[in-house]
$ cat entry.cif   # mmCIF, C-alpha atoms
data_target
loop_
_atom_site.label_atom_id
_atom_site.label_comp_id
_atom_site.auth_asym_id
_atom_site.auth_seq_id
_atom_site.Cartn_x
_atom_site.Cartn_y
_atom_site.Cartn_z
CA MET A 27 -150.09 52.95 26.00
CA SER A 28 -152.36 52.86 22.95
CA LEU A 29 -156.12 52.98 23.39
CA ASN A 30 -158.21 50.16 21.99
CA ILE A 31 -160.82 51.61 19.59
CA ALA A 32 -163.10 48.60 19.86
CA SER A 33 -163.17 48.81 23.66
CA LEU A 34 -163.91 52.54 23.57
CA LEU A 35 -166.77 52.08 21.12
CA VAL A 36 -168.23 49.15 23.06
CA ALA A 37 -168.06 51.23 26.25
CA MET A 38 -169.77 54.12 24.47
CA THR A 39 -172.51 51.83 23.16
CA LEU A 40 -173.12 50.44 26.64
CA SER A 41 -173.32 54.01 27.97
CA MET A 42 -175.90 54.88 25.32
CA LEU A 43 -177.95 51.78 26.12
CA ILE A 44 -177.91 52.66 29.82
CA MET A 45 -178.87 56.24 28.92
CA ALA A 46 -181.79 55.05 26.79
CA VAL A 47 -183.07 52.77 29.56
CA ALA A 48 -182.60 55.49 32.20
CA LEU A 49 -184.45 58.14 30.21
CA THR A 50 -187.45 55.92 29.55
CA SER A 51 -187.51 54.79 33.19
CA VAL A 52 -187.01 57.92 35.29
CA MET A 53 -188.74 60.69 33.34
CA GLY A 54 -192.26 59.50 34.12
CA ASP A 55 -195.22 61.12 32.35
CA VAL A 56 -193.70 63.05 29.46
CA ASN A 57 -194.69 65.42 26.68
CA ARG A 58 -193.61 65.62 23.04
CA ALA A 59 -190.15 67.07 23.75
CA ALA A 60 -189.30 64.41 26.30
CA ARG A 61 -190.60 61.64 24.03
CA LEU A 62 -188.35 62.93 21.26
CA GLY A 63 -185.40 63.04 23.67
CA GLN A 64 -186.10 59.47 24.76
CA GLY A 65 -186.55 58.38 21.15
CA GLY A 66 -183.26 60.00 20.18
CA ALA A 67 -181.42 58.12 22.92
CA VAL A 68 -183.00 54.79 21.94
CA LEU A 69 -182.28 55.30 18.24
CA GLN A 70 -178.64 56.24 18.79
CA ALA A 71 -178.04 53.31 21.13
CA THR A 72 -179.68 50.97 18.62
CA GLY A 73 -177.63 52.47 15.82
CA TRP A 74 -174.34 51.81 17.56
CA VAL A 75 -175.35 48.25 18.43
CA LEU A 76 -176.16 47.63 14.77
CA LEU A 77 -172.92 49.28 13.64
CA LEU A 78 -170.82 47.09 15.94
CA ALA A 79 -172.80 44.05 14.81
CA SER A 80 -172.10 44.88 11.16
CA GLY A 81 -168.41 44.54 11.90
CA LEU A 82 -168.99 40.84 12.60
CA MET A 83 -170.46 40.27 9.13
CA VAL A 84 -168.64 39.49 5.89
CA PRO A 85 -167.32 42.89 4.70
CA GLY A 86 -169.36 44.23 1.79
CA GLY A 87 -171.96 41.46 2.02
CA ALA A 88 -175.72 41.82 2.18
CA ALA A 89 -175.79 41.55 5.99
CA ASP A 90 -173.07 44.18 6.31
CA LEU A 91 -174.95 46.51 3.94
CA THR A 92 -178.26 46.03 5.77
CA LEU A 93 -176.91 46.42 9.31
CA SER A 94 -174.64 49.34 8.41
CA THR A 95 -177.41 51.24 6.60
CA LEU A 96 -179.87 50.67 9.43
CA SER A 97 -177.24 51.81 11.91
CA MET A 98 -176.67 55.05 10.00
CA GLY A 99 -180.41 55.65 9.83
CA CYS A 100 -180.77 55.12 13.59
CA ILE A 101 -177.77 57.26 14.56
CA SER A 102 -178.77 60.09 12.23
CA GLY A 103 -182.45 59.74 13.17
CA GLY A 104 -181.50 59.92 16.83
CA LEU A 105 -179.66 63.19 16.24
CA ALA A 106 -182.72 64.54 14.42
CA CYS A 107 -184.97 63.58 17.35
CA ASN A 108 -182.61 65.25 19.82
CA ALA A 109 -182.48 68.40 17.67
CA ALA A 110 -186.28 68.62 17.65
CA ALA A 111 -186.46 67.95 21.39
CA PHE A 112 -184.01 70.71 22.23
CA GLU A 113 -185.87 73.16 19.98
CA LEU A 114 -189.08 72.41 21.86
CA TRP A 115 -187.30 72.74 25.20
CA CYS A 116 -186.03 76.14 24.05
CA GLY A 117 -189.65 77.22 23.56
CA ARG A 118 -189.97 76.91 19.78
CA THR A 119 -193.28 75.27 19.00
CA THR A 120 -192.40 74.18 15.44
CA PRO A 121 -188.95 72.55 15.19
CA THR A 122 -187.07 72.90 11.92
CA ARG A 123 -187.16 69.86 9.66
CA ALA A 124 -183.59 70.29 8.40
CA PRO A 125 -181.97 67.68 10.73
CA ALA A 126 -184.61 65.09 9.79
CA MET A 127 -184.13 65.82 6.09
CA VAL A 128 -180.36 65.41 6.47
CA ALA A 129 -180.98 62.05 8.20
CA VAL A 130 -183.06 60.78 5.27
CA ILE A 131 -180.55 62.00 2.66
CA MET A 132 -177.60 60.63 4.56
CA THR A 133 -179.14 57.15 4.98
CA ALA A 134 -180.23 56.91 1.35
CA GLY A 135 -176.87 58.10 0.05
CA TYR A 136 -175.00 55.75 2.37
CA ALA A 137 -176.92 52.75 1.04
CA ALA A 138 -176.47 53.84 -2.58
CA GLY A 139 -172.72 54.35 -2.24
CA PHE A 140 -171.99 51.51 0.16
CA SER A 141 -169.70 49.71 -2.25
CA SER A 142 -167.16 52.55 -1.97
CA TYR A 143 -165.59 52.63 1.49
CA ALA A 144 -164.12 56.10 0.93
CA PHE A 145 -167.48 57.49 -0.18
CA ARG A 146 -169.56 56.04 2.61
CA VAL A 147 -167.12 57.12 5.35
CA GLY A 148 -166.87 60.66 3.97
CA TRP A 149 -170.61 60.88 3.24
CA ALA A 150 -171.82 59.55 6.60
CA ASN A 151 -169.40 61.45 8.79
CA GLY A 152 -169.80 64.65 6.78
CA LEU A 153 -173.59 64.69 7.06
CA LEU A 154 -173.52 63.67 10.72
CA ALA A 155 -171.28 66.68 11.28
CA VAL A 156 -173.84 68.83 9.44
CA GLN A 157 -176.57 67.56 11.78
CA MET A 158 -174.43 68.44 14.79
CA ALA A 159 -173.85 71.92 13.35
CA LEU A 160 -177.62 72.37 12.99
CA MET A 161 -178.11 71.32 16.61
CA ILE A 162 -175.46 73.82 17.72
CA VAL A 163 -177.27 76.59 15.83
CA THR A 164 -180.52 75.58 17.54
CA LEU A 165 -178.93 75.71 20.99
CA VAL A 166 -177.04 78.97 20.41
CA ARG A 167 -180.12 80.84 19.16
CA ARG A 168 -181.87 82.92 21.79
CA PRO A 169 -184.46 80.65 23.44
CA ALA A 170 -188.11 81.68 23.57
CA VAL A 171 -188.36 80.63 27.24
CA PRO A 172 -185.90 80.83 30.15
CA VAL A 173 -183.55 77.82 30.07
CA GLY A 174 -180.58 76.80 32.15
CA ARG A 175 -176.92 76.51 31.28
CA TRP A 176 -177.31 72.95 30.07
CA ARG A 177 -177.50 74.15 26.47
CA TRP A 178 -173.95 75.52 26.65
CA LEU A 179 -172.68 72.17 27.93
CA LEU A 180 -174.25 70.58 24.88
CA VAL A 181 -172.83 73.23 22.55
CA VAL A 182 -169.30 72.50 23.79
CA GLY A 183 -169.75 68.73 23.53
CA LEU A 184 -171.39 68.86 20.11
CA ALA A 185 -168.78 71.28 18.75
CA ALA A 186 -166.00 68.90 19.76
CA GLN A 187 -167.84 65.92 18.32
CA MET A 188 -168.63 67.80 15.10
CA ILE A 189 -164.93 68.61 14.58
CA VAL A 190 -163.66 65.07 15.10
CA THR A 191 -166.53 63.58 13.08
CA ALA A 192 -165.88 65.89 10.13
CA TRP A 193 -162.13 65.26 10.43
CA ARG A 194 -162.80 61.52 10.46
CA GLY A 195 -164.88 61.88 7.29
CA VAL A 196 -162.13 63.80 5.52
CA LEU A 197 -159.59 61.21 6.61
CA GLY A 198 -161.66 58.29 5.31
CA ALA A 199 -162.67 60.01 2.05
CA PHE A 200 -159.35 61.55 1.00
CA PHE A 201 -156.65 59.77 3.03
CA THR A 202 -158.11 56.27 2.99
CA ASP A 203 -154.72 54.63 3.33
CA GLN A 204 -154.39 56.18 6.81
CA PHE A 205 -157.92 55.13 7.81
CA PRO A 206 -158.64 51.92 5.89
CA ALA A 207 -161.08 50.35 8.41
CA PHE A 208 -163.66 51.32 11.01
CA LEU A 209 -161.45 50.24 13.94
CA THR A 210 -158.15 51.67 12.66
CA PRO A 211 -156.27 53.11 15.68
CA HIS A 212 -155.59 56.45 14.02
CA PRO A 213 -155.35 59.43 16.46
CA VAL A 214 -158.43 61.02 14.87
CA ASN A 215 -160.41 57.81 15.35
CA VAL A 216 -159.24 57.61 18.97
CA ALA A 217 -160.27 61.22 19.51
CA PHE A 218 -163.64 60.45 17.90
CA ALA A 219 -164.25 57.51 20.25
CA LEU A 220 -163.23 59.50 23.34
CA VAL A 221 -165.25 62.59 22.44
CA THR A 222 -168.33 60.54 21.52
CA ASN A 223 -168.19 58.87 24.93
CA GLY A 224 -168.15 62.30 26.57
CA THR A 225 -170.90 63.69 24.37
CA ALA A 226 -173.15 60.73 25.21
CA VAL A 227 -172.91 61.66 28.89
CA LEU A 228 -173.45 65.35 28.18
CA THR A 229 -176.51 64.54 26.10
CA LEU A 230 -178.01 62.54 28.97
CA VAL A 231 -177.32 65.41 31.39
CA GLY A 232 -178.70 67.94 28.90
CA ILE A 233 -181.94 66.01 28.35
CA LEU A 234 -182.54 65.56 32.08
CA LEU A 235 -181.80 69.22 32.87
CA ALA A 236 -183.95 70.43 29.96
CA HIS A 237 -186.81 68.25 31.20
CA ARG A 238 -186.32 69.61 34.71
CA ASP A 239 -186.43 73.20 33.40
CA GLU A 240 -189.68 72.45 31.61
CA ALA A 241 -191.17 70.88 34.74
CA ALA A 242 -190.20 73.99 36.74
CA ARG A 243 -191.88 76.23 34.15
CA ALA A 244 -194.99 74.07 34.29
CA LEU A 245 -195.11 74.36 38.08
CA GLU A 246 -194.72 78.13 37.79
CA ARG A 247 -197.59 78.25 35.31
CA LEU A 248 -199.73 76.19 37.67
CA ALA A 249 -198.90 78.60 40.49
CA THR A 250 -199.76 81.73 38.50
CA THR A 251 -202.34 80.71 35.89
CA ASP A 252 -205.96 79.68 36.11
CA GLY A 253 -206.07 76.16 34.76
CA LEU A 254 -209.41 76.51 32.98
CA THR A 255 -209.18 79.89 31.27
CA GLY A 256 -205.42 80.38 30.86
CA VAL A 257 -205.45 83.88 32.39
CA LEU A 258 -203.69 84.81 35.63
CA ASN A 259 -205.11 83.51 38.86
CA ARG A 260 -206.13 85.91 41.63
CA ARG A 261 -202.91 85.67 43.63
CA ALA A 262 -200.61 86.26 40.64
CA TRP A 263 -202.79 89.13 39.37
CA LEU A 264 -202.77 90.88 42.75
CA LEU A 265 -198.96 90.67 42.83
CA ALA A 266 -198.76 92.15 39.32
CA ALA A 267 -201.34 94.80 40.21
CA ASP A 268 -199.34 95.90 43.27
CA ILE A 269 -196.24 96.29 41.10
CA GLU A 270 -198.16 98.31 38.52
CA LEU A 271 -199.70 100.47 41.25
CA SER A 272 -196.22 101.36 42.49
CA ASN A 273 -195.17 102.20 38.92
CA SER A 274 -198.31 104.27 38.47
CA ILE A 275 -197.65 106.27 41.63
CA ARG A 276 -193.99 106.81 40.78
CA SER A 277 -194.65 107.94 37.20
CA GLN A 278 -197.96 109.67 37.94
CA ARG A 279 -199.58 107.54 35.28
CA ALA A 280 -203.26 106.65 35.21
CA MET A 281 -204.43 103.14 36.06
CA SER A 282 -207.90 101.63 35.98
CA VAL A 283 -209.41 98.41 37.27
CA LEU A 284 -212.47 96.70 35.85
CA MET A 285 -214.24 94.08 37.97
CA ILE A 286 -216.59 91.84 36.01
CA ASP A 287 -219.27 89.31 36.89
CA LEU A 288 -220.91 87.22 34.15
CA ASP A 289 -224.67 87.71 34.19
CA TYR A 290 -226.87 84.72 35.07
CA PHE A 291 -223.95 82.34 34.92
CA LYS A 292 -225.62 79.90 37.32
CA GLN A 293 -228.41 79.48 34.78
CA ILE A 294 -225.86 78.39 32.17
CA ASN A 295 -224.59 75.65 34.49
CA ASP A 296 -228.10 74.63 35.58
CA THR A 297 -229.71 74.52 32.12
CA ARG A 298 -226.80 73.67 29.83
CA GLY A 299 -224.41 71.79 32.10
CA HIS A 300 -221.06 72.55 33.68
CA GLU A 301 -219.17 71.76 30.49
CA ALA A 302 -221.08 74.57 28.76
CA GLY A 303 -220.28 76.80 31.73
CA ASP A 304 -216.58 76.02 31.43
CA HIS A 305 -216.72 76.78 27.71
CA ALA A 306 -218.39 80.12 28.46
CA LEU A 307 -215.65 81.04 30.93
CA GLN A 308 -212.94 80.13 28.41
CA PHE A 309 -214.67 82.12 25.67
CA PHE A 310 -215.09 85.16 27.91
CA ALA A 311 -211.44 85.05 29.03
CA MET A 312 -210.45 84.98 25.35
CA ALA A 313 -212.70 88.00 24.70
CA LEU A 314 -211.02 89.95 27.51
CA LYS A 315 -207.53 89.09 26.25
CA ALA A 316 -208.50 90.07 22.71
CA ALA A 317 -209.57 93.52 23.93
CA CYS A 318 -206.43 94.13 26.00
CA ARG A 319 -203.62 96.45 24.99
CA SER A 320 -199.97 95.77 25.69
CA GLY A 321 -199.42 95.83 29.46
CA ASP A 322 -203.04 95.13 30.44
CA THR A 323 -203.53 91.99 32.55
CA VAL A 324 -206.56 89.77 33.07
CA CYS A 325 -207.32 87.37 35.88
CA ARG A 326 -210.06 85.04 36.93
CA TYR A 327 -210.84 86.53 40.29
CA GLY A 328 -213.05 83.66 41.38
CA GLY A 329 -215.91 81.61 39.92
CA GLU A 330 -217.44 83.71 37.15
CA GLU A 331 -215.69 86.90 38.30
CA PHE A 332 -212.81 88.46 36.36
CA CYS A 333 -210.57 91.47 36.95
CA VAL A 334 -208.75 93.52 34.35
CA LEU A 335 -205.89 95.89 35.13
CA LEU A 336 -205.80 98.64 32.52
CA VAL A 337 -202.36 100.27 32.49
CA GLY A 338 -202.27 103.98 31.73
CA ALA A 339 -206.03 104.03 31.11
CA GLU A 340 -207.89 107.28 31.71
CA GLU A 341 -211.69 107.32 31.80
CA ASP A 342 -212.21 107.25 28.03
CA SER A 343 -209.66 104.46 27.49
CA ALA A 344 -211.18 102.34 30.23
CA HIS A 345 -214.68 102.72 28.83
CA ALA A 346 -213.38 102.01 25.32
CA PHE A 347 -212.03 98.68 26.62
CA ASP A 348 -215.44 97.90 28.11
CA GLN A 349 -217.15 98.67 24.81
CA ARG A 350 -214.66 96.53 22.85
CA VAL A 351 -215.48 93.55 25.03
CA ARG A 352 -219.22 94.10 24.71
CA ALA A 353 -218.94 94.50 20.93
CA TYR A 354 -216.96 91.24 20.74
CA LEU A 355 -219.60 89.40 22.75
CA GLU A 356 -222.34 90.91 20.61
CA ASP A 357 -220.63 89.66 17.47
CA ALA A 358 -219.26 86.28 18.55
CA ALA A 359 -221.14 84.81 21.54
CA MET A 360 -224.09 83.40 19.61
CA ARG A 361 -221.76 81.98 16.97
CA GLU A 362 -219.29 80.43 19.43
CA LEU A 363 -221.59 79.46 22.30
CA GLY A 364 -225.04 79.23 20.77
CA TYR A 365 -226.51 81.78 23.20
CA LEU A 366 -225.99 85.38 24.29
CA LEU A 367 -223.49 86.21 27.02
CA ASP A 368 -223.27 89.46 28.94
CA TYR A 369 -221.73 90.84 32.12
CA SER A 370 -221.98 93.45 34.82
CA GLY A 371 -218.92 95.58 35.49
CA GLY A 372 -217.54 97.93 38.08
CA MET A 373 -214.80 100.35 37.10
CA ALA A 374 -212.42 102.34 39.29
CA ARG A 375 -209.33 104.43 38.56
CA ARG A 376 -206.51 105.20 40.92
CA ALA A 377 -207.40 108.41 42.72
CA PRO A 378 -204.76 111.03 43.63
CA GLY A 379 -202.99 109.94 46.80
CA GLU A 380 -204.38 106.38 46.63
CA THR A 381 -201.64 103.89 47.48
CA ARG A 382 -203.45 100.60 48.18
CA MET A 383 -204.79 98.26 45.54
CA ALA A 384 -207.32 97.01 48.08
CA ASP A 385 -208.94 100.47 48.12
CA ILE A 386 -209.24 100.59 44.32
CA LEU A 387 -210.70 97.09 44.24
CA ARG A 388 -213.17 97.99 46.98
CA ARG A 389 -214.49 100.90 44.92
CA ALA A 390 -214.66 98.77 41.78
CA ASP A 391 -216.52 96.07 43.71
CA ARG A 392 -219.09 98.60 44.98
CA ALA A 393 -219.57 99.83 41.42
CA LEU A 394 -220.06 96.23 40.26
CA TYR A 395 -222.74 95.75 42.93
CA GLN A 396 -224.50 98.89 41.66
CA ALA A 397 -224.39 97.52 38.10
CA LYS A 398 -226.08 94.31 39.23
CA GLU A 399 -228.66 96.17 41.27
CA GLY A 400 -229.30 98.46 38.30
CA GLY A 401 -230.37 95.64 36.02
CA ARG A 402 -227.07 93.96 34.95
CA ALA A 403 -225.63 94.06 31.41
CA ARG A 404 -223.92 97.35 32.21
CA THR A 405 -220.74 98.82 33.66
CA VAL A 406 -220.82 101.40 36.44
CA ASP A 407 -217.94 103.83 36.85
CA ALA A 408 -217.00 104.36 40.49
CA GLY A 409 -215.86 107.85 39.55
CA ALA A 410 -219.33 108.66 38.17
CA PRO A 411 -221.78 106.39 39.99
CA ALA A 412 -224.84 107.86 38.36
CA ARG A 413 -223.53 107.02 34.92
CA ALA A 414 -223.79 103.47 33.61
CA ARG A 415 -222.69 101.98 30.37
CA GLN A 416 -225.52 99.85 29.06
CA GLY A 417 -224.77 96.95 26.74
CA GLN A 418 -226.37 97.05 23.34
CA ARG A 419 -228.51 94.00 24.03
CA ALA A 420 -230.38 92.36 26.85
CA SER A 421 -228.52 89.90 29.05
CA MET A 422 -229.08 86.20 28.63
CA ALA A 423 -232.29 85.06 30.28
CA GLY A 424 -231.87 81.35 30.12
#

$ encode --input "entry.cif" --output "structure tokens"
Amino acid sequence: MSLNIASLLVAMTLSMLIMAVALTSVMGDVNRAARLGQGGAVLQATGWVLLLASGLMVPGGAADLTLSTLSMGCISGGLACNAAAFELWCGRTTPTRAPAMVAVIMTAGYAAGFSSYAFRVGWANGLLAVQMALMIVTLVRRPAVPVGRWRWLLVVGLAAQMIVTAWRGVLGAFFTDQFPAFLTPHPVNVAFALVTNGTAVLTLVGILLAHRDEAARALERLATTDGLTGVLNRRAWLLAADIELSNSIRSQRAMSVLMIDLDYFKQINDTRGHEAGDHALQFFAMALKAACRSGDTVCRYGGEEFCVLLVGAEEDSAHAFDQRVRAYLEDAAMRELGYLLDYSGGMARRAPGETRMADILRRADRALYQAKEGGRARTVDAGAPARARQGQRASMAG
């Protein structure tokens, strides 16, 4: 029993229309990647509707040329949107422009060479296959964030579609007598229709799973990151600190903790407003991250309090970190905030035989209290309570 090409393509177009409606309906509030995925689905569905409609026009006429060219632009543009979406879902912040450039070139060339059936079939199918190859490269490359197995489903589907699309282009360009019309029931055309139906479903599944992965990552970030400053929250930092403490004990490596309280932070909120206070917290978190070495971790411990875990830091290294932060504030606070910003700090290192992070934090907290009682704008070392590191300038007074 022979398969009807027209029925297969109509079924595929209906599937794409349903996919486009489903994606725009069920994904809810979306970001750039999801909007591109939705746009790709809408464009491809529109493209196939236009392509089927062009078959109802007088062959080679103005309406056929217009509808066919628009259809190629939509189909190719949809692939470009999907390529960009999958790059973003794989954690790459700047998608490559190559698929979009191919879409523009393909559409322009198709319109220019429309009068030659062999040219336009070979040109369109060949460049669509190139776009699919670019998408496969995107999906095969190591992602910058953890992603699920959905990308391999897409790779398989796109590889199959790329092969039959390229084969279809070769057939139309060089063996035109075997493929003289769009709906010719040649085995390659049948394979194209069947594979494209399957790829449409795989693309829908891939987009939904990619969006789900991104939502899961966002929830994880919300669970571990302070929403205002972008550093770890207290719970996530304590978990990381316990792991590092175990590593420190096992390897007999030094570890220091710096507890920090911004000086006179309430005055910033009272005199300059809470928005200025939020900006100060964000700026200070950035200053701490800028001073960190690889492996050090920062958290917002609560309110205007921060904690820094300094991995492998002996006394001199820990105090060097403190001085880097103070030097950064000295240089940048007035420029970025419009006023001086300083802090009081309490520093503690893991003592021999110490096995509980709570004990280290307790000593650092006592040292922080001594720094505040001693006049602020300084860091007190719990290992040398009489010795304080004074900042190079007075703390903010208003």

$ resolve_selection --input "entry.cif" --expression "the PyMOL selection byres ((chain A and resi 223) around 8)" --output "VMD selection string"
chain A and resid 34 to 35 37 to 38 41 219 to 222 224 to 227

$ resolve_selection --input "entry.cif" --expression "the PyMOL selection byres ((chain A and resi 320) around 12)" --output "PyMOL selection string"
chain A and resi 315-319+321-324+335-339

$ write_last_selection --input "entry.cif" --atoms "C-alpha atoms" --output "mmCIF file, keeping the file's coordinate frame"
data_model
loop_
_atom_site.group_PDB
_atom_site.id
_atom_site.type_symbol
_atom_site.label_atom_id
_atom_site.label_comp_id
_atom_site.auth_asym_id
_atom_site.auth_seq_id
_atom_site.Cartn_x
_atom_site.Cartn_y
_atom_site.Cartn_z
ATOM 1 C CA LYS A 315 -207.530 89.090 26.250
ATOM 2 C CA ALA A 316 -208.500 90.070 22.710
ATOM 3 C CA ALA A 317 -209.570 93.520 23.930
ATOM 4 C CA CYS A 318 -206.430 94.130 26.000
ATOM 5 C CA ARG A 319 -203.620 96.450 24.990
ATOM 6 C CA GLY A 321 -199.420 95.830 29.460
ATOM 7 C CA ASP A 322 -203.040 95.130 30.440
ATOM 8 C CA THR A 323 -203.530 91.990 32.550
ATOM 9 C CA VAL A 324 -206.560 89.770 33.070
ATOM 10 C CA LEU A 335 -205.890 95.890 35.130
ATOM 11 C CA LEU A 336 -205.800 98.640 32.520
ATOM 12 C CA VAL A 337 -202.360 100.270 32.490
ATOM 13 C CA GLY A 338 -202.270 103.980 31.730
ATOM 14 C CA ALA A 339 -206.030 104.030 31.110
#

$ residues_around --input "entry.cif" --residues "Leu387 in chain A" --least-positions-apart "5" --cutoff "9 Å" --atoms "only C-alpha atoms" --output "ChimeraX atom specification"
/A:283-285,373-374,382,392

$ closest_atom_pairs --input "entry.cif" --of "range 181-288 of chain A" --to "range 56-62 of chain A" --cutoff "10 Å" --atoms "all atoms listed in the file" --output "tab-separated table"
residue	atom	partner	partner_atom	distance
A:Ile233	CA	A:Ala60	CA	7.8
A:Leu234	CA	A:Ala60	CA	9.0
A:Ala236	CA	A:Ala60	CA	8.8
A:His237	CA	A:Ala60	CA	6.7
A:Glu240	CA	A:Ala59	CA	9.5
A:Ala241	CA	A:Val56	CA	9.8

$ residues_near_point --input "entry.cif" --point "(-172.9, 61.9, 21.3)" --cutoff "12 Å" --atoms "all atoms listed in the file" --output "PDB file with C-alpha atoms, in the frame of the given file"
ATOM      1  CA  LEU A  35    -166.770  52.080  21.120  1.00  0.00           C
ATOM      2  CA  MET A  38    -169.770  54.120  24.470  1.00  0.00           C
ATOM      3  CA  THR A  39    -172.510  51.830  23.160  1.00  0.00           C
ATOM      4  CA  SER A  41    -173.320  54.010  27.970  1.00  0.00           C
ATOM      5  CA  MET A  42    -175.900  54.880  25.320  1.00  0.00           C
ATOM      6  CA  MET A  45    -178.870  56.240  28.920  1.00  0.00           C
ATOM      7  CA  GLY A  66    -183.260  60.000  20.180  1.00  0.00           C
ATOM      8  CA  ALA A  67    -181.420  58.120  22.920  1.00  0.00           C
ATOM      9  CA  LEU A  69    -182.280  55.300  18.240  1.00  0.00           C
ATOM     10  CA  GLN A  70    -178.640  56.240  18.790  1.00  0.00           C
ATOM     11  CA  ALA A  71    -178.040  53.310  21.130  1.00  0.00           C
ATOM     12  CA  GLY A  73    -177.630  52.470  15.820  1.00  0.00           C
ATOM     13  CA  TRP A  74    -174.340  51.810  17.560  1.00  0.00           C
ATOM     14  CA  ILE A 101    -177.770  57.260  14.560  1.00  0.00           C
ATOM     15  CA  SER A 102    -178.770  60.090  12.230  1.00  0.00           C
ATOM     16  CA  GLY A 104    -181.500  59.920  16.830  1.00  0.00           C
ATOM     17  CA  LEU A 105    -179.660  63.190  16.240  1.00  0.00           C
ATOM     18  CA  ASN A 108    -182.610  65.250  19.820  1.00  0.00           C
ATOM     19  CA  LEU A 154    -173.520  63.670  10.720  1.00  0.00           C
ATOM     20  CA  ALA A 155    -171.280  66.680  11.280  1.00  0.00           C
ATOM     21  CA  GLN A 157    -176.570  67.560  11.780  1.00  0.00           C
ATOM     22  CA  MET A 158    -174.430  68.440  14.790  1.00  0.00           C
ATOM     23  CA  MET A 161    -178.110  71.320  16.610  1.00  0.00           C
ATOM     24  CA  LEU A 180    -174.250  70.580  24.880  1.00  0.00           C
ATOM     25  CA  VAL A 181    -172.830  73.230  22.550  1.00  0.00           C
ATOM     26  CA  VAL A 182    -169.300  72.500  23.790  1.00  0.00           C
ATOM     27  CA  GLY A 183    -169.750  68.730  23.530  1.00  0.00           C
ATOM     28  CA  LEU A 184    -171.390  68.860  20.110  1.00  0.00           C
ATOM     29  CA  ALA A 185    -168.780  71.280  18.750  1.00  0.00           C
ATOM     30  CA  ALA A 186    -166.000  68.900  19.760  1.00  0.00           C
ATOM     31  CA  GLN A 187    -167.840  65.920  18.320  1.00  0.00           C
ATOM     32  CA  MET A 188    -168.630  67.800  15.100  1.00  0.00           C
ATOM     33  CA  VAL A 190    -163.660  65.070  15.100  1.00  0.00           C
ATOM     34  CA  THR A 191    -166.530  63.580  13.080  1.00  0.00           C
ATOM     35  CA  PHE A 218    -163.640  60.450  17.900  1.00  0.00           C
ATOM     36  CA  ALA A 219    -164.250  57.510  20.250  1.00  0.00           C
ATOM     37  CA  LEU A 220    -163.230  59.500  23.340  1.00  0.00           C
ATOM     38  CA  VAL A 221    -165.250  62.590  22.440  1.00  0.00           C
ATOM     39  CA  THR A 222    -168.330  60.540  21.520  1.00  0.00           C
ATOM     40  CA  ASN A 223    -168.190  58.870  24.930  1.00  0.00           C
ATOM     41  CA  GLY A 224    -168.150  62.300  26.570  1.00  0.00           C
ATOM     42  CA  THR A 225    -170.900  63.690  24.370  1.00  0.00           C
ATOM     43  CA  ALA A 226    -173.150  60.730  25.210  1.00  0.00           C
ATOM     44  CA  VAL A 227    -172.910  61.660  28.890  1.00  0.00           C
ATOM     45  CA  LEU A 228    -173.450  65.350  28.180  1.00  0.00           C
ATOM     46  CA  THR A 229    -176.510  64.540  26.100  1.00  0.00           C
ATOM     47  CA  LEU A 230    -178.010  62.540  28.970  1.00  0.00           C
ATOM     48  CA  VAL A 231    -177.320  65.410  31.390  1.00  0.00           C
ATOM     49  CA  GLY A 232    -178.700  67.940  28.900  1.00  0.00           C
TER      50      GLY A 232
END

$ closest_residue --input "entry.cif" --among "A:His300, A:His212, A:His345, A:Arg376" --to "Ser272 in chain A" --atoms "all atoms listed in the file"
A:Arg376

$ closest_residue --input "entry.cif" --among "A:Leu93, A:Ile294, A:Leu314, A:Ala137" --to "Gly364 in chain A" --atoms "all atoms listed in the file"
A:Ile294

$ atom_distance --input "entry.cif" --atom1 "CA of Phe200 in chain A" --atom2 "CA of Thr92 in chain A"
24.9 Å

$ residues_around --input "entry.cif" --residues "Ala313 in chain A" --least-positions-apart "4" --cutoff "8 Å" --atoms "all atoms listed in the file" --output "short mmCIF file (atom, residue, chain, number, x, y, z; two decimals) with C-alpha atoms, in the frame of the given file"
data_model
loop_
_atom_site.label_atom_id
_atom_site.label_comp_id
_atom_site.auth_asym_id
_atom_site.auth_seq_id
_atom_site.Cartn_x
_atom_site.Cartn_y
_atom_site.Cartn_z
CA PHE A 309 -214.67 82.12 25.67
CA ALA A 317 -209.57 93.52 23.93
CA VAL A 351 -215.48 93.55 25.03
CA TYR A 354 -216.96 91.24 20.74
CA LEU A 355 -219.60 89.40 22.75
#

$ atom_distance --input "entry.cif" --atom1 "CA of Ala302 in chain A" --atom2 "CA of Ala353 in chain A"
21.5 Å

$ resolve_selection --input "entry.cif" --expression "the PyMOL selection byres ((chain A and resi 386) around 12)" --output "PyMOL selection string"
chain A and resi 264+267-268+271+281-285+333+335+372-385+387-393+407-409
